[in-house]
Structure formats: structure tokens, C-alpha cells
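With compact mmCIF, C-alpha atoms inside, this is coords21.txt:
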```txt
# COMPACT_ATOMS: atom_id res chain seq x y z
CA MET A 1 0.00 0.00 0.00
CA ILE A 2 1.22 3.48 -0.90
CA ILE A 3 0.53 5.64 2.16
CA ILE A 4 0.05 9.38 1.63
CA GLY A 5 0.17 11.12 5.01
CA GLU A 6 -2.87 13.38 5.33
CA LYS A 7 -2.17 15.41 8.47
CA ILE A 8 -0.69 18.64 7.02
CA ASN A 9 -3.92 20.05 5.68
CA GLY A 10 -5.28 23.52 6.37
CA THR A 11 -8.84 22.20 6.70
CA ILE A 12 -7.76 20.63 10.01
CA PRO A 13 -8.32 23.28 12.74
CA SER A 14 -4.97 22.74 14.49
CA VAL A 15 -3.09 22.97 11.18
CA LYS A 16 -5.06 26.06 10.17
CA LYS A 17 -4.06 27.68 13.48
CA ALA A 18 -0.40 26.73 12.90
CA ILE A 19 -0.48 28.23 9.40
CA GLU A 20 -2.06 31.45 10.62
CA GLY A 21 0.45 31.69 13.48
CA GLU A 22 3.41 30.62 11.31
CA ASP A 23 4.12 27.84 13.81
CA GLU A 24 6.93 26.09 11.97
CA ASP A 25 7.66 23.63 14.80
CA PHE A 26 4.10 22.32 14.69
CA ILE A 27 4.37 21.55 10.98
CA ARG A 28 7.81 19.99 11.44
CA ASN A 29 6.45 17.72 14.15
CA LEU A 30 3.56 16.54 11.97
CA ALA A 31 5.94 15.79 9.10
CA GLN A 32 8.37 13.89 11.33
CA LYS A 33 5.68 11.79 13.02
CA GLN A 34 4.15 10.75 9.70
CA ALA A 35 7.54 9.88 8.20
CA GLU A 36 8.45 7.79 11.25
CA ALA A 37 5.07 6.03 11.09
CA GLY A 38 5.76 4.87 7.53
CA ALA A 39 4.22 7.44 5.20
CA ASP A 40 5.58 7.12 1.66
CA TYR A 41 4.50 10.66 0.74
CA ILE A 42 3.61 13.70 2.83
CA ASP A 43 0.55 15.57 1.64
CA VAL A 44 0.75 19.37 1.92
CA CYS A 45 -2.48 21.31 1.49
CA ALA A 46 -2.79 25.01 2.39
CA SER A 47 -6.59 25.41 2.15
CA THR A 48 -6.19 29.16 2.51
CA ALA A 49 -7.60 32.12 0.60
CA PRO A 50 -6.59 31.99 -3.10
CA ASP A 51 -4.47 35.15 -2.86
CA VAL A 52 -2.12 33.59 -0.29
CA GLU A 53 -2.31 29.92 -1.28
CA VAL A 54 0.90 29.86 -3.32
CA GLU A 55 2.88 31.58 -0.57
CA THR A 56 1.42 29.31 2.11
CA LEU A 57 1.92 26.12 0.13
CA LYS A 58 5.56 27.01 -0.57
CA TRP A 59 6.04 27.68 3.15
CA LEU A 60 4.66 24.23 4.01
CA MET A 61 6.73 22.55 1.31
CA ASP A 62 9.97 24.18 2.50
CA ILE A 63 9.40 23.13 6.12
CA VAL A 64 8.47 19.53 5.32
CA GLN A 65 11.36 19.04 2.89
CA ASP A 66 13.81 20.48 5.40
CA GLU A 67 12.54 18.14 8.10
CA VAL A 68 12.06 14.78 6.35
CA ASP A 69 13.41 12.99 3.30
CA LYS A 70 10.03 12.06 1.86
CA PRO A 71 8.52 13.13 -1.46
CA LEU A 72 5.55 15.47 -1.31
CA CYS A 73 1.98 15.11 -2.41
CA ILE A 74 1.21 18.67 -3.49
CA ASP A 75 -2.47 19.23 -2.85
CA SER A 76 -4.57 22.05 -4.30
CA PRO A 77 -7.87 22.31 -6.19
CA ASN A 78 -6.29 25.05 -8.31
CA PRO A 79 -4.00 23.71 -11.06
CA ASN A 80 -2.44 27.16 -11.49
CA THR A 81 -1.31 27.08 -7.86
CA ILE A 82 0.35 23.71 -8.44
CA GLU A 83 1.98 25.09 -11.57
CA GLN A 84 3.54 27.91 -9.54
CA VAL A 85 4.87 25.82 -6.62
CA LEU A 86 6.02 22.70 -8.47
CA LYS A 87 9.50 24.13 -9.00
CA TYR A 88 10.06 24.26 -5.25
CA ALA A 89 9.76 20.48 -4.86
CA GLN A 90 13.16 18.88 -4.30
CA LYS A 91 12.16 15.53 -5.81
CA PRO A 92 9.26 14.13 -7.85
CA GLY A 93 6.18 13.22 -5.84
CA ILE A 94 2.43 13.22 -6.44
CA ILE A 95 0.14 16.00 -7.62
CA ASN A 96 -3.28 16.02 -6.01
CA SER A 97 -5.17 16.35 -8.28
CA VAL A 98 -6.61 16.40 -11.80
CA SER A 99 -10.12 15.65 -13.00
CA GLU A 100 -12.39 16.48 -15.90
CA GLU A 101 -13.30 19.74 -14.18
CA GLY A 102 -12.28 22.76 -16.19
CA ASN A 103 -8.79 22.61 -17.68
CA LYS A 104 -7.01 20.76 -14.89
CA CYS A 105 -5.56 18.02 -17.09
CA GLU A 106 -4.53 20.55 -19.72
CA VAL A 107 -2.53 22.53 -17.13
CA ILE A 108 -1.00 19.66 -15.13
CA PHE A 109 -0.16 17.04 -17.74
CA PRO A 110 2.23 19.24 -19.76
CA LEU A 111 4.05 20.08 -16.51
CA ILE A 112 4.80 16.45 -15.69
CA LYS A 113 5.51 15.16 -19.18
CA GLY A 114 8.96 13.60 -19.26
CA THR A 115 9.26 13.58 -15.45
CA GLU A 116 8.70 11.02 -12.69
CA TRP A 117 5.83 12.97 -11.14
CA GLN A 118 2.68 11.00 -10.37
CA VAL A 119 -0.86 12.32 -10.28
CA ILE A 120 -4.14 11.61 -8.50
CA ALA A 121 -7.10 11.66 -10.89
CA LEU A 122 -10.61 12.21 -9.53
CA THR A 123 -13.59 10.67 -11.31
CA CYS A 124 -15.61 13.88 -11.49
CA ASP A 125 -16.28 16.55 -14.09
CA ASP A 126 -18.04 19.91 -14.35
CA LYS A 127 -21.30 18.18 -13.39
CA GLY A 128 -19.83 16.93 -10.10
CA ILE A 129 -19.40 13.39 -8.79
CA PRO A 130 -21.41 10.87 -10.86
CA SER A 131 -23.87 8.66 -9.01
CA ASP A 132 -23.17 5.62 -11.21
CA VAL A 133 -20.20 3.42 -12.00
CA GLU A 134 -20.38 3.79 -15.77
CA THR A 135 -19.93 7.57 -15.77
CA ARG A 136 -17.03 7.38 -13.32
CA VAL A 137 -15.34 4.82 -15.55
CA ASP A 138 -15.91 7.01 -18.61
CA ILE A 139 -14.37 10.01 -16.86
CA ALA A 140 -11.34 7.97 -15.80
CA LYS A 141 -10.93 6.70 -19.36
CA ARG A 142 -10.94 10.25 -20.72
CA ILE A 143 -8.33 11.34 -18.19
CA ILE A 144 -6.10 8.36 -18.96
CA GLU A 145 -6.43 8.99 -22.69
CA LYS A 146 -5.27 12.57 -22.13
CA ALA A 147 -2.36 11.30 -20.02
CA ASP A 148 -1.39 8.96 -22.85
CA LYS A 149 -0.97 11.94 -25.16
CA TYR A 150 1.66 13.33 -22.78
CA GLU A 151 3.38 9.94 -22.42
CA ILE A 152 2.41 9.68 -18.76
CA SER A 153 2.60 5.97 -17.99
CA HIS A 154 -0.36 4.32 -16.30
CA ASP A 155 1.64 3.38 -13.20
CA ARG A 156 2.04 7.11 -12.50
CA ILE A 157 -1.72 7.60 -12.25
CA HIS A 158 -3.75 7.12 -9.06
CA ILE A 159 -7.47 6.96 -9.85
CA ASP A 160 -9.74 8.11 -7.01
CA PRO A 161 -13.29 6.77 -7.60
CA LEU A 162 -14.58 9.33 -5.07
CA VAL A 163 -16.57 7.37 -2.55
CA ILE A 164 -19.80 9.11 -1.49
CA ALA A 165 -20.99 9.11 2.12
CA LEU A 166 -22.73 5.84 2.89
CA SER A 167 -25.36 7.76 4.89
CA THR A 168 -26.58 9.36 1.65
CA ASP A 169 -26.04 6.44 -0.75
CA ASN A 170 -26.37 2.88 0.53
CA ASP A 171 -24.65 1.57 -2.61
CA SER A 172 -21.64 3.85 -2.23
CA MET A 173 -19.21 1.07 -1.33
CA ARG A 174 -20.44 -1.18 -4.14
CA LYS A 175 -20.03 1.64 -6.66
CA PHE A 176 -16.50 2.36 -5.42
CA VAL A 177 -15.56 -1.30 -5.77
CA GLY A 178 -17.32 -1.59 -9.13
CA THR A 179 -15.37 1.36 -10.51
CA ILE A 180 -12.07 -0.19 -9.44
CA GLU A 181 -12.94 -3.59 -10.88
CA SER A 182 -14.04 -2.15 -14.23
CA LEU A 183 -10.98 0.05 -14.62
CA ARG A 184 -8.56 -2.65 -13.45
CA LYS A 185 -9.61 -4.82 -16.38
CA LEU A 186 -8.90 -1.97 -18.81
CA TYR A 187 -5.76 -0.56 -17.17
CA PRO A 188 -3.98 -3.18 -15.05
CA GLU A 189 -1.06 -0.88 -14.19
CA VAL A 190 -3.12 2.04 -12.88
CA ASN A 191 -3.14 2.70 -9.12
CA PHE A 192 -6.31 3.29 -7.11
CA THR A 193 -6.53 5.62 -4.14
CA SER A 194 -9.02 7.22 -1.79
CA GLY A 195 -9.47 9.51 1.16
CA LEU A 196 -10.79 7.04 3.70
CA SER A 197 -13.06 9.18 5.85
CA ASN A 198 -15.66 10.30 3.29
CA ILE A 199 -17.48 6.97 3.47
CA SER A 200 -18.49 7.50 7.10
CA PHE A 201 -19.59 11.15 6.98
CA GLY A 202 -22.74 11.69 9.02
CA MET A 203 -22.50 8.32 10.78
CA PRO A 204 -21.71 7.28 14.35
CA LEU A 205 -18.65 5.12 15.03
CA ARG A 206 -16.87 6.62 12.02
CA LYS A 207 -13.54 5.00 12.85
CA ILE A 208 -15.11 1.54 12.70
CA VAL A 209 -16.77 2.29 9.36
CA ASN A 210 -13.50 3.70 7.97
CA ARG A 211 -11.50 0.62 8.95
CA ASN A 212 -14.03 -1.73 7.39
CA PHE A 213 -14.04 0.40 4.25
CA LEU A 214 -10.26 0.08 4.08
CA THR A 215 -10.42 -3.71 4.33
CA ILE A 216 -12.98 -4.04 1.54
CA ALA A 217 -11.18 -1.48 -0.65
CA VAL A 218 -7.82 -3.24 -0.31
CA PHE A 219 -9.42 -6.55 -1.26
CA ALA A 220 -10.99 -4.83 -4.29
CA GLY A 221 -7.60 -3.58 -5.47
CA MET A 222 -7.05 -0.17 -3.89
CA ASN A 223 -3.28 0.13 -3.43
CA SER A 224 -2.90 3.76 -2.39
CA ALA A 225 -4.58 5.81 0.33
CA ILE A 226 -4.59 9.32 1.74
CA MET A 227 -4.67 8.47 5.43
CA ASP A 228 -3.25 9.07 8.89
CA PRO A 229 -0.18 6.82 9.22
CA CYS A 230 -0.03 7.64 12.94
CA ASN A 231 -3.39 5.97 13.57
CA LYS A 232 -2.26 2.59 14.88
CA GLU A 233 -5.71 0.99 14.61
CA MET A 234 -5.97 1.99 10.96
CA ILE A 235 -2.45 0.77 10.16
CA THR A 236 -3.21 -2.53 11.91
CA THR A 237 -6.32 -2.89 9.76
CA LEU A 238 -4.24 -2.15 6.66
CA TYR A 239 -1.64 -4.85 7.40
CA ALA A 240 -4.39 -7.36 8.18
CA ALA A 241 -6.30 -6.47 5.00
CA GLU A 242 -3.21 -6.89 2.82
CA ALA A 243 -2.55 -10.29 4.39
CA LEU A 244 -6.17 -11.39 3.88
CA ALA A 245 -6.09 -10.21 0.26
CA GLY A 246 -3.01 -12.31 -0.47
CA TYR A 247 -0.61 -9.39 -0.91
CA ASP A 248 1.61 -10.32 2.04
CA LYS A 249 3.50 -13.55 1.30
CA TYR A 250 3.40 -15.86 4.30
CA CYS A 251 2.14 -12.85 6.31
CA ARG A 252 5.72 -11.69 6.78
CA LYS A 253 4.93 -7.97 6.72
CA PHE A 254 2.16 -8.45 9.26
CA SER A 255 4.38 -10.51 11.58
CA ASN A 256 7.33 -8.12 11.30
CA ALA A 257 5.10 -5.11 11.99
CA TYR A 258 3.72 -6.87 15.08
CA ARG A 259 7.20 -7.65 16.38
CA LYS A 260 8.21 -4.01 15.88
CA ARG A 261 5.01 -2.91 17.67
CA LEU A 262 3.86 -0.93 14.66
CA ILE A 263 0.50 -2.66 14.89
CA GLY A 264 -1.58 -4.10 17.69
```
If you convert what's in this file into C-alpha cells, what do you get?
Amino acid sequence: MIIIGEKINGTIPSVKKAIEGEDEDFIRNLAQKQAEAGADYIDVCASTAPDVEVETLKWLMDIVQDEVDKPLCIDSPNPNTIEQVLKYAQKPGIINSVSEEGNKCEVIFPLIKGTEWQVIALTCDDKGIPSDVETRVDIAKRIIEKADKYEISHDRIHIDPLVIALSTDNDSMRKFVGTIESLRKLYPEVNFTSGLSNISFGMPLRKIVNRNFLTIAVFAGMNSAIMDPCNKEMITTLYAAEALAGYDKYCRKFSNAYRKRLIG
């Protein structure tokens, strides 16, 4: 599983406060904890007013890169912001994200042509998130076809099928899985990712719902996740899910993680 550490995000109240107060130590601590917990990438998302987003995102990037030797996941809904800060990244990472909304693909794909940068692709367009599997698959196909034109290999793409809250759509999990299964047959090298917490929005016992979502998603083929690597219960669920899905030969990763007290 490719783990993208989610904790440096301006939508989180404590991070928003740290950004507003220019609390560099707080951001450093979040980066260090996630790296030590096993994050493969550190997501950085400013979530500030548009006129200060570039400045804030660069500030976050500089702190994280000075503190840990992990590639970044540069996170912004504005492709022009990503275009402006990409040059400050010390090594290729992941761009979060593109979709069929506006001209996102047309801005981002030329930037990463001929590089090792990866990209998260959301299955939505100017009409929003589709309610059916077929439309999500069609959107993903269009994005991948655009990526092909810029020679962006499929293993550099992380498709996010955009799970909808289960409290508003009882078939949300089935649609998420169905999208993965359909696209996997067409594009076997593509990665699949998700933010784990959307599934449980509006429900009690959200942590339980999120962990069960992770188990089912891993079994369905999701191999990337934007998640909290410091959440021991979630990481334990992840190791168990990978073992149950047959991705952990002789359960060695699970056993080693238990011996190192990374899970439990």
C-alpha cells in the first residue's frame, strides 16, 4: 500500500491555526511523526484564501522538505497554484489532483511530461461526482487517454473513484468497488486511491466504518490511500487487509510489523 500522510492540511483546525500563526515547529512535528510512522509521501495542502495559497503552500513545502526525506503530495484544487509551486519540490512526488473539471488536465499534464511525477485523478467533471459506475469509468478513461498523449505511464496515475458518504447512498461502497474492478480490467497498471473518511460522513462510530471500508477497498484492489499513518488501529487494519487479500506472502509484513510494535 502506498501511504500518503494526510495530516498537514489547512482544513484541520490545528493545522489552520499553525499556518495562521506561522508555527513552523508544529508543521515539522507533523511531518516527522508521519515519516516515522511509515508514510511514503507527505501531503501538503494550504486550504487558505486563493491570494495567499501559493505563498502558504511554498512555506509548508519548505518546512516539510527540510525536516524529512520524503517526497511530497502537493495538494490544491487550483491547477495554477500547483503550476507555480512545483519548481520548489526537491524531488518528484504526487500531484493532487486532476479531473475532468475545467482545464485541470490541460494545465497539469504538460508540466509532468517527461518527469517522474505522479498524479491523483478524480472521477468527477463539471457536473460533479457521478452517481453511477459507468460515468465514473468514462471520466477515468478520458483522463487516462489525455495522459497517454503526454506519455504519462499508467503506473504514475492514481485513480480516485470518489466514494460518497454511505449515509446518503447505501450503494456507495459497491459503486466504489465496481469502478475499481471495471478500470482494473482496462488498465492493469493504474493505481487506485481514496481519502478514507468520506465513506463515514454523518455516521456514528466513524472509525469503525472507515477501517471496514479500508479492508474491503484493499481486497478490491485499492493500493494507495490518503490516510493518517499515525493511527495505529488503521495501520493494523491495513496490514491485516493486505494479508487477507493475499498481498503479504506468508504474512511476513504483518508478523514483522507486530514484532516491531507498529500494529496491535
Quiz prompt | Among the residues A:Phe109, A:Phe254, A:Phe219, A:Trp59, the one that comes closest to A:Ala89 [using all atoms listed in the file] | solution =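 Smallest distance to A:Ala89 is found for A:Trp59.
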Give me the residues of stretch 127-210 of chain A that have any atom at most 10 Å from an atom of stretch 90-99 of chain A; for each, the nearest atom pair and the distance in Å, rounded to one decimal. Use all atoms listed in the file, sort by chain and number, and format it as JSON lines.
```
{"residue": "A:Ile139", "atom": "CA", "partner": "A:Ser99", "partner_atom": "CA", "distance": 8.0}
{"residue": "A:Ala140", "atom": "CA", "partner": "A:Ser99", "partner_atom": "CA", "distance": 8.3}
{"residue": "A:Arg142", "atom": "CA", "partner": "A:Ser99", "partner_atom": "CA", "distance": 9.5}
{"residue": "A:Ile143", "atom": "CA", "partner": "A:Ser99", "partner_atom": "CA", "distance": 7.0}
{"residue": "A:Arg156", "atom": "CA", "partner": "A:Ile94", "partner_atom": "CA", "distance": 8.6}
{"residue": "A:Ile157", "atom": "CA", "partner": "A:Ile94", "partner_atom": "CA", "distance": 9.1}
{"residue": "A:His158", "atom": "CA", "partner": "A:Ile94", "partner_atom": "CA", "distance": 9.1}
{"residue": "A:Ile159", "atom": "CA", "partner": "A:Ser99", "partner_atom": "CA", "distance": 9.6}
{"residue": "A:Asp160", "atom": "CA", "partner": "A:Ser97", "partner_atom": "CA", "distance": 9.5}
```
Please save C-alpha atoms of the selected residues as a compact mmCIF listing (two decimals), in the coordinates of the input.
```txt
# COMPACT_ATOMS: atom_id res chain seq x y z
CA ILE A 139 -14.37 10.01 -16.86
CA ALA A 140 -11.34 7.97 -15.80
CA ARG A 142 -10.94 10.25 -20.72
CA ILE A 143 -8.33 11.34 -18.19
CA ARG A 156 2.04 7.11 -12.50
CA ILE A 157 -1.72 7.60 -12.25
CA HIS A 158 -3.75 7.12 -9.06
CA ILE A 159 -7.47 6.96 -9.85
CA ASP A 160 -9.74 8.11 -7.01
```
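Our summary of the geometry notes that atom CA of A:Leu57 is positioned 9.8 Å from atom CA of A:Ile19.
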Quiz item: Quick one: of A:Glu134, A:Glu242, A:Asp62, A:Asp40, who's nearest to A:Pro161, counting all atoms listed in the file?
Solution: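 Among A:Glu134, A:Glu242, A:Asp62, A:Asp40, it is A:Glu134 that comes nearest to A:Pro161.
Atom pair atom CA of A:Gly221 / atom CA of A:Met1 has a distance of 10.0 Å (rounded to one decimal).
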Quiz prompt | Option closest in space to A:Tyr88, from A:Asn9, A:Thr123, A:Gln65, A:Ser224 [counting all atoms listed in the file] | solution = A:Gln65
What box, with edges along x, y and z, holds each listed atom of stretch 39-54 of chain A when 8 Å is added on every side, and can you state its centre and edge lengths in Å to one decimal, as lines of an AutoDock Vina configuration file?
```
center_x = -1.0
center_y = 21.1
center_z = 0.9
size_x = 29.2
size_y = 44.0
size_z = 24.5
```
Self-check item: 6 Å contact set for stretch 20-34 of chain A, all atoms listed in the file, chain neighbours under 3 positions out, as a PyMOL selection string
Solution: chain A and resi 17+37+39+64+229
Quiz item: Just how far from atom CA of A:Cys230 is atom CA of A:Ala46, in Å to one decimal?
Solution: 20.5 Å
Quiz prompt | Close residues, A:Glu181 itself excluded, 12 Å, all atoms listed in the file, min 6 positions apart in chain, as a ChimeraX atom specification | solution = /A:133-134,136-137,159,161,174-175,187-188,190-192,217-222
Output stretch 45-175 of chain A from the block with C-alpha atoms, as a short mmCIF file (atom, residue, chain, number, x, y, z; two decimals), in the first residue's frame?
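part.cif was written with the following content:
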```cif
data_model
loop_
_atom_site.label_atom_id
_atom_site.label_comp_id
_atom_site.auth_asym_id
_atom_site.auth_seq_id
_atom_site.Cartn_x
_atom_site.Cartn_y
_atom_site.Cartn_z
CA CYS A 45 -2.48 21.31 1.49
CA ALA A 46 -2.79 25.01 2.39
CA SER A 47 -6.59 25.41 2.15
CA THR A 48 -6.19 29.16 2.51
CA ALA A 49 -7.60 32.12 0.60
CA PRO A 50 -6.59 31.99 -3.10
CA ASP A 51 -4.47 35.15 -2.86
CA VAL A 52 -2.12 33.59 -0.29
CA GLU A 53 -2.31 29.92 -1.28
CA VAL A 54 0.90 29.86 -3.32
CA GLU A 55 2.88 31.58 -0.57
CA THR A 56 1.42 29.31 2.11
CA LEU A 57 1.92 26.12 0.13
CA LYS A 58 5.56 27.01 -0.57
CA TRP A 59 6.04 27.68 3.15
CA LEU A 60 4.66 24.23 4.01
CA MET A 61 6.73 22.55 1.31
CA ASP A 62 9.97 24.18 2.50
CA ILE A 63 9.40 23.13 6.12
CA VAL A 64 8.47 19.53 5.32
CA GLN A 65 11.36 19.04 2.89
CA ASP A 66 13.81 20.48 5.40
CA GLU A 67 12.54 18.14 8.10
CA VAL A 68 12.06 14.78 6.35
CA ASP A 69 13.41 12.99 3.30
CA LYS A 70 10.03 12.06 1.86
CA PRO A 71 8.52 13.13 -1.46
CA LEU A 72 5.55 15.47 -1.31
CA CYS A 73 1.98 15.11 -2.41
CA ILE A 74 1.21 18.67 -3.49
CA ASP A 75 -2.47 19.23 -2.85
CA SER A 76 -4.57 22.05 -4.30
CA PRO A 77 -7.87 22.31 -6.19
CA ASN A 78 -6.29 25.05 -8.31
CA PRO A 79 -4.00 23.71 -11.06
CA ASN A 80 -2.44 27.16 -11.49
CA THR A 81 -1.31 27.08 -7.86
CA ILE A 82 0.35 23.71 -8.44
CA GLU A 83 1.98 25.09 -11.57
CA GLN A 84 3.54 27.91 -9.54
CA VAL A 85 4.87 25.82 -6.62
CA LEU A 86 6.02 22.70 -8.47
CA LYS A 87 9.50 24.13 -9.00
CA TYR A 88 10.06 24.26 -5.25
CA ALA A 89 9.76 20.48 -4.86
CA GLN A 90 13.16 18.88 -4.30
CA LYS A 91 12.16 15.53 -5.81
CA PRO A 92 9.26 14.13 -7.85
CA GLY A 93 6.18 13.22 -5.84
CA ILE A 94 2.43 13.22 -6.44
CA ILE A 95 0.14 16.00 -7.62
CA ASN A 96 -3.28 16.02 -6.01
CA SER A 97 -5.17 16.35 -8.28
CA VAL A 98 -6.61 16.40 -11.80
CA SER A 99 -10.12 15.65 -13.00
CA GLU A 100 -12.39 16.48 -15.90
CA GLU A 101 -13.30 19.74 -14.18
CA GLY A 102 -12.28 22.76 -16.19
CA ASN A 103 -8.79 22.61 -17.68
CA LYS A 104 -7.01 20.76 -14.89
CA CYS A 105 -5.56 18.02 -17.09
CA GLU A 106 -4.53 20.55 -19.72
CA VAL A 107 -2.53 22.53 -17.13
CA ILE A 108 -1.00 19.66 -15.13
CA PHE A 109 -0.16 17.04 -17.74
CA PRO A 110 2.23 19.24 -19.76
CA LEU A 111 4.05 20.08 -16.51
CA ILE A 112 4.80 16.45 -15.69
CA LYS A 113 5.51 15.16 -19.18
CA GLY A 114 8.96 13.60 -19.26
CA THR A 115 9.26 13.58 -15.45
CA GLU A 116 8.70 11.02 -12.69
CA TRP A 117 5.83 12.97 -11.14
CA GLN A 118 2.68 11.00 -10.37
CA VAL A 119 -0.86 12.32 -10.28
CA ILE A 120 -4.14 11.61 -8.50
CA ALA A 121 -7.10 11.66 -10.89
CA LEU A 122 -10.61 12.21 -9.53
CA THR A 123 -13.59 10.67 -11.31
CA CYS A 124 -15.61 13.88 -11.49
CA ASP A 125 -16.28 16.55 -14.09
CA ASP A 126 -18.04 19.91 -14.35
CA LYS A 127 -21.30 18.18 -13.39
CA GLY A 128 -19.83 16.93 -10.10
CA ILE A 129 -19.40 13.39 -8.79
CA PRO A 130 -21.41 10.87 -10.86
CA SER A 131 -23.87 8.66 -9.01
CA ASP A 132 -23.17 5.62 -11.21
CA VAL A 133 -20.20 3.42 -12.00
CA GLU A 134 -20.38 3.79 -15.77
CA THR A 135 -19.93 7.57 -15.77
CA ARG A 136 -17.03 7.38 -13.32
CA VAL A 137 -15.34 4.82 -15.55
CA ASP A 138 -15.91 7.01 -18.61
CA ILE A 139 -14.37 10.01 -16.86
CA ALA A 140 -11.34 7.97 -15.80
CA LYS A 141 -10.93 6.70 -19.36
CA ARG A 142 -10.94 10.25 -20.72
CA ILE A 143 -8.33 11.34 -18.19
CA ILE A 144 -6.10 8.36 -18.96
CA GLU A 145 -6.43 8.99 -22.69
CA LYS A 146 -5.27 12.57 -22.13
CA ALA A 147 -2.36 11.30 -20.02
CA ASP A 148 -1.39 8.96 -22.85
CA LYS A 149 -0.97 11.94 -25.16
CA TYR A 150 1.66 13.33 -22.78
CA GLU A 151 3.38 9.94 -22.42
CA ILE A 152 2.41 9.68 -18.76
CA SER A 153 2.60 5.97 -17.99
CA HIS A 154 -0.36 4.32 -16.30
CA ASP A 155 1.64 3.38 -13.20
CA ARG A 156 2.04 7.11 -12.50
CA ILE A 157 -1.72 7.60 -12.25
CA HIS A 158 -3.75 7.12 -9.06
CA ILE A 159 -7.47 6.96 -9.85
CA ASP A 160 -9.74 8.11 -7.01
CA PRO A 161 -13.29 6.77 -7.60
CA LEU A 162 -14.58 9.33 -5.07
CA VAL A 163 -16.57 7.37 -2.55
CA ILE A 164 -19.80 9.11 -1.49
CA ALA A 165 -20.99 9.11 2.12
CA LEU A 166 -22.73 5.84 2.89
CA SER A 167 -25.36 7.76 4.89
CA THR A 168 -26.58 9.36 1.65
CA ASP A 169 -26.04 6.44 -0.75
CA ASN A 170 -26.37 2.88 0.53
CA ASP A 171 -24.65 1.57 -2.61
CA SER A 172 -21.64 3.85 -2.23
CA MET A 173 -19.21 1.07 -1.33
CA ARG A 174 -20.44 -1.18 -4.14
CA LYS A 175 -20.03 1.64 -6.66
#
```
